[in-house]
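Trainee: Let me begin by handing over the structure; questions about it come next.
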Amino acid sequence: MTNPNVSRRSVLAAAGTGLGISLAGCTGGGSDGPTVGILEDRSGEFQLNGTSKWQATKMALDEINEDGGILGEEVEYIDPDPQSDNQRYQELTEQLILQDEIDALWAGYSSATREAIRPIINDNDQLYFYTTQYEGGVCDDTIFPVGATARQQLGIVTPYLADQYGEDIYIIAADYNFGQLSGDWVNILADEEGYNIVGEEYIPLDETDFSSVINRIQEEDPDFIMSMLVGNNHENFYDQRASNDLMIPIGTSTTLAQGYEHRRYDPPALTDVYAGVSYMEELGDERGENFVDDFYDRFEDANYLNQEAHNNYFSVYMWRDAVEEAGTFDQEAVIEVLEEGVDISAPSGEITLDGATHHVTHQMRVAHADEDHEISFTDPEPIEPTFLREEVEDGAGCNLREDSMTTQYEPGDVYDV
Amino acid sequence: MIGLETLPLSTSPVYGLLALMFQFFNSFAFIVLATVGLAIIFGMMGVINLAHGEFILVGVYGTALVFHAGIPLPIAMIAGVAITVVFGIVVERTIVRHFYDRLLDSMVATWGLALVVAQLLLIVFGSSLGSISTPMGSVSYGPYTSSVYRSIFLPVVAVLMLVGLYVLFTRTEFGIKARATIEDPETARAMGIDTDRMYITTFGIGSGLAGLTGALYAPALGSITPDRGSAFLIEAFIAVVVGGPSVIIGTLSAAGLLSMFNAVGSFLAGTFVGQMLMLLVAIFALRMLPNGITGYVKDWQQRRRAEE
């Protein structure tokens, strides 16, 4: 997800850390064996989501190494803390690519981070796995955005709620590119299915007071709310909703599966929140193995195994399999194998990497938090990355097997929004 | 953006005005409570405390930790304030006392302190603490509801706090000594005032107010994570600058002005417009009244006296 909210403090912090980086710049050096980079936030604004991603990436690599490594070699990983700071992300990405000569990179929570390092990735043709659920549309030679997209998440949860509760929808979303584009997707879905959007508001990321928003929703009295609120400040909406007794059901792509709000808030704050998810810890392991238990065995103090961490986990294994099939760590060869398409047996079920678009056909579910914040799921439904494959370029789709691209499509490229 | 047909006023004017009033109270309480600790320390001691948000956060964490240990919320809040006062006094003795009336230096030192505190909270207490539900429920009128805690209880506390501070600093011996110490420490010392103690006490009061804000917002903040200090800092700074040199009247008038524009903007056109309007008013106020509202009033009074 994107966060353009650059505080004065983070600018100062960036200036301050710049000195530290340049001094620390002469450690390390390219190692001989295979090396991967992990840049996930363990401090700063996104630590709540990033820590889990970092842990799951390490877990996958440790498991692989304990199992004999890849092509008989132990995989090293370098995992400095980017501190939710895009400037630091850029510096660390350059350092990992140029100095440590990494063979693959897992990096970043927000879309702003992904976009901040994308030029560096493109300049160096670096194989990069971006694992957060996001607005969708990235079509880029060396980037594999393996998280569920807005179309996949909203596409499962919006019709479900319209069936259950009625067709009047009120949209609230964070006021920046991720929230705006997600709002566009809800509008597109409403258009296709004939739902009514009775209100729509985009809320600045630093807003903590939702009293006027709640009053406006009460005024319109929708059948359900679609909420693509983002970040710690916006979470306050759910608490204020409970104290105002605004128990209209809420559909979302951002809540529950990432920041485990249902664990951190007392009921009834998250009651009748429905999230479109590809994975949550409560789902366990569809393969019949012990993904969740293994995770907590390795990280006893871990808070939650979130949807994004699951993406990190299966994509590390996906990369391993591709390297073994290619017989080399050479990034171009590995990408070629991945672009043939990959069937993956993940804790979330049987999923598929679509070679042409670099996106994943996820097993999507609607997760429901009840009045005790207990989570239940609908049956999984595989949803394909149709936007990139069938809709963009007048239906021709993006085909990275044939064409070299470094672009991001937006819903407005295809639909009137 | 919101279309005209969704304006609350268009359907039920009385209820709509009530909603606006409660939104204003809510915003007013937030700005007063966020500002007052910063204003005391800046106005009385000439120190810009960039760790103000983290002082509030110490109050939030203190309250939440005690509350999660099974102690009732009101007692947990008192504990939160006490913890912040102790924290403030330790900080004053070790760091801040070297920076009195060194405005820029104090900013750098307290900014560093803010980073240290936030990171320590992360290391010691992890990603987040469990949130605390807002107590007291809501009032319902027409189609609307408003939170009793945020829109009635907190505004009342905010006003009582300002009245209490006014009495403390203008009507008590302590207040006179404290102001004498700030005005002219050497003369104050010559008159037998223990200026060191005055500094500690004043900083302790400022910290206690920040702690009280943290304690009061612990159940109204939503997520409790180590980066939440910044949620308070921006409003606090704007209000201090717009308010001007007189601490209490300045805080009151700035909070009234800013929250009025914020509430009306949010009410009529959405939270985005509310925020923009508040910032525009702040810019406008600084352009027209460079010494803040109370600075302008003071100048005006002096000019009038000179004319007479």
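Convention: chains lettered A, B, ... in structure tokens order; per-chain residue numbering from 1; ligands numbered from 1 as shown.
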Go through region 14-176 of chain A and collect every residue that DSSP, computed from the backbone, puts in strand (DSSP E or B); the answer should be as JSON, numbers by chain.
Mentor: {"A": [35, 36, 37, 38, 39, 70, 73, 76, 77, 78, 104, 105, 106, 107, 128, 129, 130, 134, 138, 139, 140, 143, 144, 145, 149, 168, 169, 170, 171, 172, 173, 174]}
Trainee: Could you go through region 91-296 of chain A and tell me which residues DSSP, when run on the backbone, assigns to helix (DSSP H, G or I), listing them as a PyMOL selection string?
Mentor: chain A and resi 91-99+111-124+150-165+177-193+211-220+231-243+261-264+281-283+291-296
Trainee: Hey, could you make a per-residue contact list for chain B against chain A with 6 Å as the cut-off, showing the nearest pair of atoms and its distance in Å to one decimal, counting only C-alpha atoms, sorted by chain and number, as a Markdown table?
Mentor:
| residue | atom | partner | partner_atom | distance |
| --- | --- | --- | --- | --- |
| B:Met1 | CA | A:Glu201 | CA | 5.8 |
| B:Ser127 | CA | A:Leu48 | CA | 5.4 |
| B:Gly130 | CA | A:Arg264 | CA | 4.7 |
| B:Ser131 | CA | A:Tyr265 | CA | 5.1 |
| B:Gly137 | CA | A:Ser243 | CA | 5.0 |
| B:Ser138 | CA | A:Asn244 | CA | 5.4 |
| B:Pro143 | CA | A:Gln218 | CA | 5.9 |
| B:Tyr144 | CA | A:Asn215 | CA | 5.6 |
| B:Thr145 | CA | A:Asn244 | CA | 5.8 |
| B:Ser147 | CA | A:Asn244 | CA | 5.8 |
| B:Gly222 | CA | A:Asn236 | CA | 4.2 |
| B:Ser223 | CA | A:Asn232 | CA | 5.8 |
| B:Phe267 | CA | A:Ser212 | CA | 5.7 |
| B:Phe272 | CA | A:Pro204 | CA | 5.9 |
Trainee: By how many Å are CA of Asn124 (chain A) and CA of Asn312 (chain A) apart?
Mentor: 22.0 Å
Trainee: Find the residues around region 154-167 of chain B up to 8 Å (only C-alpha atoms counted), leave out those fewer than 2 positions away in its own chain, and share them as a list in words.
Mentor: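 In the requested format, the answer is Phe25, Asn26, Phe28, Ala29, Phe30, Val32, Leu33, Tyr149, Arg150, Ser151, Ile152, Phe169, Thr170, Arg171, Thr172, Leu216, Ile248 and Leu252 of chain B.
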Trainee: Using C-alpha atoms, can you write the selected residues to a file as a PDB file, in the first residue's frame?
Mentor:
ATOM      1  CA  PHE B  25     -16.371  19.747  21.155  1.00  0.00           C
ATOM      2  CA  ASN B  26     -14.520  16.600  20.154  1.00  0.00           C
ATOM      3  CA  PHE B  28     -11.634  21.263  20.679  1.00  0.00           C
ATOM      4  CA  ALA B  29     -10.850  18.775  23.452  1.00  0.00           C
ATOM      5  CA  PHE B  30      -8.262  17.042  21.320  1.00  0.00           C
ATOM      6  CA  VAL B  32      -6.505  21.631  24.035  1.00  0.00           C
ATOM      7  CA  LEU B  33      -5.317  18.376  25.570  1.00  0.00           C
ATOM      8  CA  TYR B 149     -16.474  10.226  26.217  1.00  0.00           C
ATOM      9  CA  ARG B 150     -14.981  12.121  23.275  1.00  0.00           C
ATOM     10  CA  SER B 151     -17.607  14.794  22.740  1.00  0.00           C
ATOM     11  CA  ILE B 152     -18.765  15.559  26.293  1.00  0.00           C
ATOM     12  CA  PHE B 169      -0.280  30.308  37.674  1.00  0.00           C
ATOM     13  CA  THR B 170      -2.036  33.578  38.521  1.00  0.00           C
ATOM     14  CA  ARG B 171      -3.582  33.139  41.955  1.00  0.00           C
ATOM     15  CA  THR B 172      -1.102  31.044  43.939  1.00  0.00           C
ATOM     16  CA  LEU B 216      -7.327  10.274  28.756  1.00  0.00           C
ATOM     17  CA  ILE B 248      -3.564  29.474  28.895  1.00  0.00           C
ATOM     18  CA  LEU B 252      -7.905  28.270  24.671  1.00  0.00           C
TER      19      LEU B 252
END
Trainee: Figure out the distance between CA of Ala178 (chain B) and CA of Met191 (chain B), please, to one decimal in Å.
Mentor: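 Computing the Euclidean distance for CA of Met191 (chain B) and CA of Ala178 (chain B) yields 12.6 Å.
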Trainee: Rank nothing, just name the residue among A:Ile351, A:Leu270, A:Val138, A:Ile225 nearest to His373 (chain A), using only C-alpha atoms.
Mentor: A:Leu270
Trainee: Write out as a PyMOL selection string each polymer residue whose atoms come within 12 Å of region 109-126 of chain B, counting only C-alpha atoms; drop sequence neighbours fewer than 3 positions from it.
Mentor: (chain A and resi 8-10+12-13+16+42-45+47-48+51+83+301-303) or (chain B and resi 47-58+60-62+64-65+87-88+91-92+94-100+102-106+129-130+224-230+233)
Trainee: Kindly give the distance, in Å, that separates CA of Ala367 (chain A) and CA of Tyr409 (chain A), rounded to a single decimal.
Mentor: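 A separation of 28.1 Å between them.
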Trainee: Tell me which of A:Glu391, A:Glu384, A:Glu94, A:Glu308 sits closest to Gly147 (chain A), counting only C-alpha atoms.
Mentor: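 Nearest to Gly147 (chain A): A:Glu308.
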Trainee: Show which residues sit within 12 Å of Gly192 (chain B), as a list of chain:residue names. Count only C-alpha atoms, and ignore same-chain residues fewer than 6 positions away.
Mentor: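 Final neighbour list, sorted by chain and number: B:Lys177, B:Ala180, B:Thr181, B:Pro185, B:Glu186, B:Met198.
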